[in-house]
>>> print(open('protein.pdb').read())   # PDB, C-alpha atoms
MODEL        1
ATOM      1  CA  MET H1019       0.000   0.000   0.000
ATOM      2  CA  ALA H1020       2.670   2.487   1.032
ATOM      3  CA  ASN H1021       4.652   1.617  -2.083
ATOM      4  CA  ALA H1022       1.695   2.151  -4.369
ATOM      5  CA  GLU H1023       1.074   5.549  -2.849
ATOM      6  CA  LEU H1024       4.727   6.501  -3.176
ATOM      7  CA  ALA H1025       4.637   5.401  -6.811
ATOM      8  CA  LEU H1026       1.501   7.382  -7.552
ATOM      9  CA  GLY H1027       2.994  10.405  -5.853
ATOM     10  CA  ALA H1028       6.103  10.131  -8.015
ATOM     11  CA  LEU H1029       3.972   9.904 -11.159
ATOM     12  CA  GLY H1030       2.049  13.031 -10.178
ATOM     13  CA  ASP H1031       4.836  15.060 -11.818
ATOM     14  CA  PRO H1032       4.388  15.442 -15.610
ATOM     15  CA  THR H1033       8.134  15.333 -16.368
ATOM     16  CA  ARG H1034       8.512  12.128 -14.396
ATOM     17  CA  ARG H1035       5.542  10.631 -16.235
ATOM     18  CA  LEU H1036       7.218  11.477 -19.524
ATOM     19  CA  ILE H1037      10.491   9.892 -18.386
ATOM     20  CA  PHE H1038       8.616   6.827 -17.168
ATOM     21  CA  LYS H1039       6.823   6.531 -20.507
ATOM     22  CA  ARG H1040      10.115   6.712 -22.381
ATOM     23  CA  LEU H1041      11.353   3.733 -20.364
ATOM     24  CA  ARG H1042       8.454   1.576 -21.468
ATOM     25  CA  GLY H1043      10.292   0.986 -24.718
ATOM     26  CA  GLY H1044      13.235  -0.625 -22.897
ATOM     27  CA  ALA H1045      16.313   0.285 -20.844
ATOM     28  CA  ARG H1046      17.777   3.723 -21.515
ATOM     29  CA  SER H1047      20.671   5.830 -20.259
ATOM     30  CA  VAL H1048      20.183   9.302 -18.782
ATOM     31  CA  GLN H1049      21.532  10.794 -21.995
ATOM     32  CA  GLU H1050      19.078   8.863 -24.151
ATOM     33  CA  ILE H1051      16.195   9.812 -21.916
ATOM     34  CA  ALA H1052      17.114  13.496 -21.928
ATOM     35  CA  GLN H1053      17.375  13.624 -25.727
ATOM     36  CA  GLY H1054      14.704  15.870 -27.190
ATOM     37  CA  MET H1055      13.379  16.733 -23.756
ATOM     38  CA  ASP H1056      13.222  20.242 -22.459
ATOM     39  CA  VAL H1057      15.018  19.190 -19.284
ATOM     40  CA  SER H1058      18.705  19.131 -18.355
ATOM     41  CA  ARG H1059      20.511  15.861 -17.783
ATOM     42  CA  PRO H1060      21.057  16.534 -14.065
ATOM     43  CA  ALA H1061      17.312  17.206 -13.761
ATOM     44  CA  VAL H1062      16.546  13.897 -15.503
ATOM     45  CA  SER H1063      18.909  12.152 -13.070
ATOM     46  CA  GLN H1064      17.094  13.757 -10.176
ATOM     47  CA  HIS H1065      13.710  12.582 -11.507
ATOM     48  CA  LEU H1066      15.081   9.083 -12.046
ATOM     49  CA  LYS H1067      16.229   9.061  -8.436
ATOM     50  CA  VAL H1068      12.663   9.807  -7.298
ATOM     51  CA  LEU H1069      11.219   7.119  -9.606
ATOM     52  CA  LYS H1070      13.778   4.670  -8.281
ATOM     53  CA  GLU H1071      12.956   5.472  -4.654
ATOM     54  CA  ALA H1072       9.276   4.976  -5.465
ATOM     55  CA  GLY H1073      10.115   1.503  -6.743
ATOM     56  CA  LEU H1074       9.010   2.243 -10.307
ATOM     57  CA  VAL H1075      12.404   2.104 -11.946
ATOM     58  CA  VAL H1076      15.505  -0.033 -11.545
ATOM     59  CA  ASP H1077      19.009   0.697 -12.786
ATOM     60  CA  ARG H1078      22.064  -1.329 -13.624
ATOM     61  CA  PRO H1079      25.591  -0.381 -14.729
ATOM     62  CA  GLU H1080      26.613  -1.040 -18.294
ATOM     63  CA  GLY H1081      30.167  -0.065 -19.083
ATOM     64  CA  THR H1082      30.648   3.539 -17.972
ATOM     65  CA  ARG H1083      26.959   4.434 -17.884
ATOM     66  CA  ARG H1084      23.850   3.369 -16.034
ATOM     67  CA  LEU H1085      20.773   2.005 -17.752
ATOM     68  CA  TYR H1086      17.336   2.643 -16.317
ATOM     69  CA  SER H1087      14.274   0.478 -16.905
ATOM     70  CA  VAL H1088      10.723   0.008 -15.626
ATOM     71  CA  ASP H1089      10.372  -2.332 -12.629
ATOM     72  CA  ALA H1090       7.667  -4.787 -13.693
ATOM     73  CA  ARG H1091       6.956  -5.854 -10.121
ATOM     74  CA  ALA H1092       6.121  -2.288  -9.162
ATOM     75  CA  LEU H1093       3.619  -2.082 -11.987
ATOM     76  CA  GLU H1094       2.031  -5.310 -10.837
ATOM     77  CA  ALA H1095       1.766  -4.003  -7.251
ATOM     78  CA  LEU H1096       0.229  -0.767  -8.530
ATOM     79  CA  ARG H1097      -2.263  -2.584 -10.693
ATOM     80  CA  ARG H1098      -3.317  -4.760  -7.787
ATOM     81  CA  TRP H1099      -3.756  -1.768  -5.549
ATOM     82  CA  LEU H1100      -5.863  -0.022  -8.154
ATOM     83  CA  ASP H1101      -7.972  -3.030  -8.986
ATOM     84  CA  GLY H1102      -9.554  -3.331  -5.586
ATOM     85  CA  PHE H1103     -10.042  -6.067  -3.067
ATOM     86  CA  TRP H1104     -11.921  -8.755  -4.996
ATOM     87  CA  ASN H1105      -9.894  -8.464  -8.173
ATOM     88  CA  ASP H1106      -6.760  -8.773  -6.123
ATOM     89  CA  ALA H1107      -8.021 -11.858  -4.264
ATOM     90  CA  LEU H1108      -9.415 -13.529  -7.401
ATOM     91  CA  VAL H1109      -6.258 -13.028  -9.426
ATOM     92  CA  ALA H1110      -4.326 -14.700  -6.611
ATOM     93  CA  PHE H1111      -6.893 -17.532  -6.505
ATOM     94  CA  LYS H1112      -6.680 -18.034 -10.274
ATOM     95  CA  ASP H1113      -2.892 -18.391 -10.077
ATOM     96  CA  ALA H1114      -3.144 -20.916  -7.240
ATOM     97  CA  ALA H1115      -5.871 -23.004  -8.948
ATOM     98  CA  GLU H1116      -3.961 -23.099 -12.225
ATOM     99  CA  ARG H1117      -0.739 -24.101 -10.476
ATOM    100  CA  GLU H1118      -2.615 -26.898  -8.733
ATOM    101  CA  ALA H1119      -4.259 -28.068 -11.970
ATOM    102  CA  THR H1120      -0.878 -28.201 -13.722
ATOM    103  CA  LYS H1121       0.600 -30.159 -10.825
ATOM    104  CA  GLU H1122      -2.243 -32.701 -10.848
ATOM    105  CA  ARG H1123      -2.064 -33.170 -14.633
ATOM    106  CA  LYS H1124       1.589 -34.108 -14.348
ATOM    107  CA  ARG H1125       0.863 -36.787 -11.758
TER     108      ARG H1125
ATOM    109  CA  MET W 768     -11.198  10.668  -6.565
ATOM    110  CA  THR W 769     -12.907   8.894  -3.662
ATOM    111  CA  GLU W 770     -15.870  11.201  -4.269
ATOM    112  CA  GLN W 771     -16.671   9.538  -7.602
ATOM    113  CA  PRO W 772     -20.333   8.533  -7.645
ATOM    114  CA  ILE W 773     -21.349   4.980  -8.484
ATOM    115  CA  PRO W 774     -22.228   4.934 -12.209
ATOM    116  CA  ALA W 775     -25.873   4.551 -13.231
ATOM    117  CA  GLY W 776     -26.963   0.993 -13.932
ATOM    118  CA  VAL W 777     -24.600  -0.471 -11.326
ATOM    119  CA  ASP W 778     -26.161  -2.136  -8.277
ATOM    120  CA  PRO W 779     -24.875  -0.035  -5.368
ATOM    121  CA  ASN W 780     -25.417  -2.919  -2.948
ATOM    122  CA  SER W 781     -23.391  -5.520  -4.781
ATOM    123  CA  VAL W 782     -20.000  -6.120  -6.376
ATOM    124  CA  ARG W 783     -19.698  -8.788  -9.079
ATOM    125  CA  LYS W 784     -16.521 -10.327 -10.419
ATOM    126  CA  VAL W 785     -15.822 -13.104 -12.880
ATOM    127  CA  VAL W 786     -12.560 -14.914 -13.410
ATOM    128  CA  GLY W 787     -11.732 -17.652 -15.928
ATOM    129  CA  VAL W 788      -9.540 -20.368 -14.477
ATOM    130  CA  GLN W 789      -7.581 -22.926 -16.469
ATOM    131  CA  ALA W 790      -8.421 -25.749 -14.062
ATOM    132  CA  PRO W 791     -11.156 -28.383 -13.704
ATOM    133  CA  GLN W 792     -14.166 -27.414 -11.605
ATOM    134  CA  ASP W 793     -13.268 -29.711  -8.684
ATOM    135  CA  VAL W 794      -9.717 -28.362  -8.523
ATOM    136  CA  ALA W 795     -10.963 -24.759  -8.582
ATOM    137  CA  TRP W 796     -13.417 -25.570  -5.774
ATOM    138  CA  ARG W 797     -10.773 -27.323  -3.714
ATOM    139  CA  VAL W 798      -8.190 -24.573  -4.031
ATOM    140  CA  PHE W 799     -10.795 -21.947  -3.162
ATOM    141  CA  THR W 800     -12.255 -23.706  -0.141
ATOM    142  CA  GLU W 801      -9.569 -26.021   1.268
ATOM    143  CA  ARG W 802      -6.496 -23.989   0.478
ATOM    144  CA  MET W 803      -7.592 -20.432   0.841
ATOM    145  CA  GLY W 804      -4.543 -19.744   3.003
ATOM    146  CA  THR W 805      -2.235 -20.490   0.061
ATOM    147  CA  TRP W 806      -3.594 -17.714  -2.142
ATOM    148  CA  TRP W 807      -5.499 -15.185  -0.028
ATOM    149  CA  PRO W 808      -3.371 -12.001   0.183
ATOM    150  CA  LEU W 809      -2.904 -12.462   3.944
ATOM    151  CA  ALA W 810      -0.214  -9.815   4.195
ATOM    152  CA  THR W 811      -2.653  -7.059   3.270
ATOM    153  CA  TYR W 812      -6.119  -8.519   3.821
ATOM    154  CA  LYS W 813      -6.367  -9.664   7.409
ATOM    155  CA  ILE W 814      -7.848  -8.181  10.543
ATOM    156  CA  GLY W 815      -6.240  -9.870  13.571
ATOM    157  CA  LYS W 816      -3.350  -8.396  15.552
ATOM    158  CA  ALA W 817      -1.081 -11.380  14.874
ATOM    159  CA  ASN W 818       0.513 -12.056  11.496
ATOM    160  CA  ALA W 819      -2.023 -14.150   9.617
ATOM    161  CA  VAL W 820      -0.681 -17.504   8.416
ATOM    162  CA  ASP W 821      -3.860 -19.192   7.204
ATOM    163  CA  ALA W 822      -7.439 -18.565   6.077
ATOM    164  CA  VAL W 823      -9.863 -21.387   6.814
ATOM    165  CA  ILE W 824     -13.402 -22.252   5.716
ATOM    166  CA  GLU W 825     -14.974 -25.047   7.778
ATOM    167  CA  PRO W 826     -16.553 -27.377   5.183
ATOM    168  CA  ARG W 827     -20.202 -27.375   6.241
ATOM    169  CA  VAL W 828     -23.230 -25.132   6.532
ATOM    170  CA  GLY W 829     -22.788 -23.105   9.715
ATOM    171  CA  GLY W 830     -19.007 -23.580   9.612
ATOM    172  CA  ARG W 831     -16.681 -20.739  10.550
ATOM    173  CA  TRP W 832     -14.612 -18.715   8.113
ATOM    174  CA  TYR W 833     -11.600 -17.298   9.901
ATOM    175  CA  GLU W 834      -7.953 -16.321   9.782
ATOM    176  CA  ARG W 835      -5.352 -17.962  11.963
ATOM    177  CA  GLY W 836      -2.454 -15.942  13.330
ATOM    178  CA  ASP W 837       1.141 -17.080  13.871
ATOM    179  CA  ASP W 838       0.442 -17.062  17.625
ATOM    180  CA  GLY W 839      -2.382 -19.607  17.205
ATOM    181  CA  SER W 840      -5.152 -17.039  17.666
ATOM    182  CA  THR W 841      -8.125 -17.028  15.306
ATOM    183  CA  CYS W 842     -10.253 -14.164  14.092
ATOM    184  CA  ASP W 843     -13.665 -14.719  12.507
ATOM    185  CA  TRP W 844     -14.442 -13.292   9.078
ATOM    186  CA  GLY W 845     -17.854 -14.882   8.636
ATOM    187  CA  ARG W 846     -19.622 -18.215   8.356
ATOM    188  CA  VAL W 847     -20.839 -20.693   5.774
ATOM    189  CA  LEU W 848     -24.446 -20.242   4.581
ATOM    190  CA  SER W 849     -24.389 -22.715   1.670
ATOM    191  CA  TRP W 850     -21.974 -25.533   0.990
ATOM    192  CA  GLU W 851     -22.523 -27.237  -2.365
ATOM    193  CA  PRO W 852     -19.226 -28.932  -3.234
ATOM    194  CA  HIS W 853     -17.720 -28.130  -6.619
ATOM    195  CA  SER W 854     -20.447 -25.709  -7.648
ATOM    196  CA  ARG W 855     -21.620 -23.142  -5.127
ATOM    197  CA  LEU W 856     -20.528 -21.552  -1.886
ATOM    198  CA  VAL W 857     -22.178 -18.794   0.128
ATOM    199  CA  LEU W 858     -20.357 -17.122   2.986
ATOM    200  CA  THR W 859     -21.183 -14.207   5.215
ATOM    201  CA  TRP W 860     -18.654 -11.413   5.447
ATOM    202  CA  ASP W 861     -18.890 -10.098   8.965
ATOM    203  CA  ILE W 862     -16.096  -7.560   8.980
ATOM    204  CA  ASN W 863     -17.253  -3.992   9.349
ATOM    205  CA  ALA W 864     -16.035  -0.816   7.659
ATOM    206  CA  ASP W 865     -13.423  -0.365  10.411
ATOM    207  CA  TRP W 866     -12.104  -3.856   9.640
ATOM    208  CA  GLN W 867     -13.367  -5.232  12.935
ATOM    209  CA  PRO W 868     -15.325  -8.491  13.331
ATOM    210  CA  ASP W 869     -19.058  -7.853  13.592
ATOM    211  CA  PRO W 870     -21.101 -11.090  13.660
ATOM    212  CA  LYS W 871     -24.281  -9.127  13.011
ATOM    213  CA  LEU W 872     -23.073  -7.495   9.800
ATOM    214  CA  ASN W 873     -24.181 -10.304   7.473
ATOM    215  CA  THR W 874     -23.019  -9.109   4.089
ATOM    216  CA  GLU W 875     -22.976 -12.108   1.740
ATOM    217  CA  ILE W 876     -20.483 -13.566  -0.690
ATOM    218  CA  GLU W 877     -21.725 -16.067  -3.228
ATOM    219  CA  VAL W 878     -19.170 -17.954  -5.291
ATOM    220  CA  ARG W 879     -20.232 -20.109  -8.253
ATOM    221  CA  PHE W 880     -17.935 -22.553  -9.997
ATOM    222  CA  ILE W 881     -19.149 -23.216 -13.526
ATOM    223  CA  ALA W 882     -17.417 -25.905 -15.599
ATOM    224  CA  GLU W 883     -16.608 -24.722 -19.109
ATOM    225  CA  GLY W 884     -15.144 -27.923 -20.435
ATOM    226  CA  LYS W 885     -12.870 -30.426 -18.754
ATOM    227  CA  ASP W 886     -10.063 -28.077 -17.839
ATOM    228  CA  ARG W 887     -11.719 -24.729 -17.560
ATOM    229  CA  THR W 888     -13.902 -23.162 -14.910
ATOM    230  CA  ARG W 889     -15.632 -19.831 -14.760
ATOM    231  CA  VAL W 890     -15.736 -18.515 -11.215
ATOM    232  CA  GLU W 891     -18.354 -15.877 -10.499
ATOM    233  CA  LEU W 892     -18.251 -13.977  -7.258
ATOM    234  CA  GLU W 893     -20.854 -11.633  -5.898
ATOM    235  CA  HIS W 894     -20.424  -9.671  -2.698
ATOM    236  CA  ARG W 895     -23.913  -8.411  -1.847
ATOM    237  CA  ARG W 896     -26.069  -6.810   0.819
ATOM    238  CA  LEU W 897     -23.521  -4.049   1.038
ATOM    239  CA  ASP W 898     -26.357  -1.840   2.305
ATOM    240  CA  ARG W 899     -25.509  -3.460   5.638
ATOM    241  CA  PHE W 900     -22.504  -1.137   5.789
ATOM    242  CA  GLY W 901     -25.005   1.713   6.196
ATOM    243  CA  ALA W 902     -23.577   5.180   5.611
ATOM    244  CA  ARG W 903     -20.229   3.655   4.636
ATOM    245  CA  ARG W 904     -21.628   1.490   1.851
ATOM    246  CA  ASP W 905     -20.184   3.488  -1.060
ATOM    247  CA  GLU W 906     -16.767   3.719   0.574
ATOM    248  CA  MET W 907     -16.691  -0.048   1.118
ATOM    249  CA  ARG W 908     -18.063  -0.827  -2.303
ATOM    250  CA  ARG W 909     -15.173   1.061  -3.848
ATOM    251  CA  ILE W 910     -12.662  -0.877  -1.792
ATOM    252  CA  PHE W 911     -14.181  -4.212  -2.840
ATOM    253  CA  ASP W 912     -14.712  -3.283  -6.452
ATOM    254  CA  THR W 913     -12.065  -0.924  -7.740
ATOM    255  CA  GLU W 914     -10.177   2.141  -6.722
ATOM    256  CA  GLY W 915     -10.549   3.559 -10.202
ATOM    257  CA  ASP W 916      -8.861   3.169 -13.525
ATOM    258  CA  TRP W 917      -5.319   4.233 -14.252
ATOM    259  CA  GLY W 918      -6.122   7.118 -16.522
ATOM    260  CA  ARG W 919      -8.500   8.819 -14.152
ATOM    261  CA  LEU W 920      -6.233   8.294 -11.219
ATOM    262  CA  LEU W 921      -3.179   9.707 -12.905
ATOM    263  CA  GLU W 922      -5.190  12.651 -14.154
ATOM    264  CA  SER W 923      -6.305  13.471 -10.662
ATOM    265  CA  PHE W 924      -2.733  13.188  -9.412
ATOM    266  CA  ALA W 925      -1.559  15.403 -12.249
ATOM    267  CA  ARG W 926      -4.217  17.943 -11.305
ATOM    268  CA  SER W 927      -3.266  17.939  -7.654
ATOM    269  CA  ALA W 928       0.408  18.169  -8.565
ATOM    270  CA  ALA W 929      -0.329  21.096 -10.868
ATOM    271  CA  ALA W 930      -2.324  22.794  -8.133
ATOM    272  CA  ALA W 931       0.386  22.277  -5.501
TER     273      ALA W 931
ENDMDL
END
>>> encode(input="protein.pdb", output="structure tokens")
Amino acid sequence: MANAELALGALGDPTRRLIFKRLRGGARSVQEIAQGMDVSRPAVSQHLKVLKEAGLVVDRPEGTRRLYSVDARALEALRRWLDGFWNDALVAFKDAAEREATKERKR
Amino acid sequence: MTEQPIPAGVDPNSVRKVVGVQAPQDVAWRVFTERMGTWWPLATYKIGKANAVDAVIEPRVGGRWYERGDDGSTCDWGRVLSWEPHSRLVLTWDINADWQPDPKLNTEIEVRFIAEGKDRTRVELEHRRLDRFGARRDEMRRIFDTEGDWGRLLESFARSAAAA
């Protein structure tokens, strides 16, 4: 819950939403993200830091630069939070029932 | 956003959900009723003081539906009104709007398991009699149903961010 709220708070900023959208296409460096944007590279870095703290974005080193990408687990947590109680419970039930069915078929 | 009215044509006293499950009807029934503790989101949806480790439905009409904590304590969620193995289950949900047990609340959850072929089951769930939440019905209905779609939510956040 706290994470979802942090994530939504982070996405309340239009520049951060734009950065987040750009990452949907795959991992990008700060330079690539800043290209064509009306925002300085240090500002992009600062926004990425907020997105990272909100659990929406992960980063990894590649050579001399860092690549940023969307954290799929965060999106899943957000979706669950937004979907409400019964959707959340039923999605979890569906997964469990299908796992069980697969297990029993193999027997 | 929490002030959104319930759209016209939607029953304000009931929430309905359907999920398609790639599993035979008896497996779906068994996982739902016998193994609720393996899938129920116990970390977020529980009411006792202890950490919840299991959710249990006693397999008979009049049976208890409860969570069990890691200290052995139990906390009632409701009871079984109908027990029709593999096809239909009706439970009461006796947890009030403050997430406290209230045996007199008596909202109802009906779950139907409908075979759609050998390996597929449609599970329909209805949580009804939400009028029993009184003045807090709409608030609770939103929690059970949906907090709102992405687009609307982000728009409202964008608006509040712009206004800040």
>>> residues_around(input="protein.pdb", residues="region 815-826 of chain W", least_positions_apart="4", cutoff="8 Å", atoms="all atoms listed in the file", output="VMD selection string")
chain W and resid 800 to 805 807 809 to 810 830 to 838 840 to 842 846 to 847 850
>>> resolve_selection(input="protein.pdb", expression="the PyMOL selection byres ((chain H) within 10 of (chain W))", output="ChimeraX atom specification")
/H:1019,1026-1032,1035,1096-1120,1122-1123
>>> resolve_selection(input="protein.pdb", expression="the PyMOL selection byres ((chain W and resi 861-866) around 8)", output="list in words")
Ile814, Asp843, Trp844, Gly845, Thr859, Trp860, Gln867, Pro868, Asp869, Pro870, Lys871, Leu872, Asn873, Thr874, Phe900, Arg903 and Met907 of chain W
>>> closest_residue(input="protein.pdb", among="H:Ala1090, H:Ala1025, H:Leu1036, H:Met1055", to="Glu1071 (chain H)", atoms="all atoms listed in the file")
H:Ala1025
>>> resolve_selection(input="protein.pdb", expression="the PyMOL selection byres ((chain W and resi 877) around 7)", output="number ranges by chain")
W: 856-858, 875-876, 878-879, 892-894
>>> write_last_selection(input="protein.pdb", atoms="C-alpha atoms", output="PDB file, in the coordinates of the input")
ATOM      1  CA  LEU W 856     -20.528 -21.552  -1.886  1.00  0.00           C
ATOM      2  CA  VAL W 857     -22.178 -18.794   0.128  1.00  0.00           C
ATOM      3  CA  LEU W 858     -20.357 -17.122   2.986  1.00  0.00           C
ATOM      4  CA  GLU W 875     -22.976 -12.108   1.740  1.00  0.00           C
ATOM      5  CA  ILE W 876     -20.483 -13.566  -0.690  1.00  0.00           C
ATOM      6  CA  VAL W 878     -19.170 -17.954  -5.291  1.00  0.00           C
ATOM      7  CA  ARG W 879     -20.232 -20.109  -8.253  1.00  0.00           C
ATOM      8  CA  LEU W 892     -18.251 -13.977  -7.258  1.00  0.00           C
ATOM      9  CA  GLU W 893     -20.854 -11.633  -5.898  1.00  0.00           C
ATOM     10  CA  HIS W 894     -20.424  -9.671  -2.698  1.00  0.00           C
TER      11      HIS W 894
END
>>> axis_aligned_box(input="protein.pdb", around="region 831-849 of chain W", padding_each_side="8 Å", output="lines of an AutoDock Vina configuration file")
center_x = -11.7
center_y = -18.0
center_z = 9.7
size_x = 41.6
size_y = 25.4
size_z = 32.0
>>> atom_distance(input="protein.pdb", atom1="CA of Arg1091 (chain H)", atom2="CA of Ala1052 (chain H)")
24.8 Å
>>> atom_distance(input="protein.pdb", atom1="CA of Asp1056 (chain H)", atom2="CA of Arg1083 (chain H)")
21.4 Å
>>> atom_distance(input="protein.pdb", atom1="CA of Asp778 (chain W)", atom2="CA of Pro852 (chain W)")
28.1 Å
>>> residues_around(input="protein.pdb", residues="Arg1034 (chain H)", least_positions_apart="6", cutoff="10 Å", atoms="only C-alpha atoms", output="PyMOL selection string")
chain H and resi 1028+1040+1062+1064-1066+1068-1069
>>> build_atoms(input="protein.pdb", residues="region 1025-1038 of chain H", atoms="N, CA and C atoms", output="tab-separated table (two decimals), keeping the file's coordinate frame")
chain	number	residue	atom	x	y	z
H	1025	ALA	N	4.52	5.46	-5.35
H	1025	ALA	CA	4.64	5.40	-6.81
H	1025	ALA	C	3.69	6.40	-7.47
H	1026	LEU	N	2.47	6.45	-6.97
H	1026	LEU	CA	1.50	7.38	-7.55
H	1026	LEU	C	1.93	8.82	-7.32
H	1027	GLY	N	2.49	9.07	-6.15
H	1027	GLY	CA	2.99	10.40	-5.85
H	1027	GLY	C	4.09	10.80	-6.84
H	1028	ALA	N	4.99	9.86	-7.10
H	1028	ALA	CA	6.10	10.13	-8.02
H	1028	ALA	C	5.58	10.42	-9.42
H	1029	LEU	N	4.52	9.73	-9.80
H	1029	LEU	CA	3.97	9.90	-11.16
H	1029	LEU	C	3.06	11.12	-11.26
H	1030	GLY	N	2.85	11.81	-10.15
H	1030	GLY	CA	2.05	13.03	-10.18
H	1030	GLY	C	2.75	14.16	-10.93
H	1031	ASP	N	4.07	14.03	-11.12
H	1031	ASP	CA	4.84	15.06	-11.82
H	1031	ASP	C	4.88	14.76	-13.32
H	1032	PRO	N	4.48	15.72	-14.17
H	1032	PRO	CA	4.39	15.44	-15.61
H	1032	PRO	C	5.73	15.06	-16.25
H	1033	THR	N	6.83	15.68	-15.80
H	1033	THR	CA	8.13	15.33	-16.37
H	1033	THR	C	8.49	13.89	-16.03
H	1034	ARG	N	8.20	13.51	-14.80
H	1034	ARG	CA	8.51	12.13	-14.40
H	1034	ARG	C	7.64	11.14	-15.17
H	1035	ARG	N	6.39	11.53	-15.44
H	1035	ARG	CA	5.54	10.63	-16.24
H	1035	ARG	C	6.13	10.45	-17.63
H	1036	LEU	N	6.64	11.54	-18.18
H	1036	LEU	CA	7.22	11.48	-19.52
H	1036	LEU	C	8.46	10.56	-19.52
H	1037	ILE	N	9.29	10.73	-18.50
H	1037	ILE	CA	10.49	9.89	-18.39
H	1037	ILE	C	10.08	8.42	-18.25
H	1038	PHE	N	9.09	8.20	-17.41
H	1038	PHE	CA	8.62	6.83	-17.17
H	1038	PHE	C	8.09	6.21	-18.46
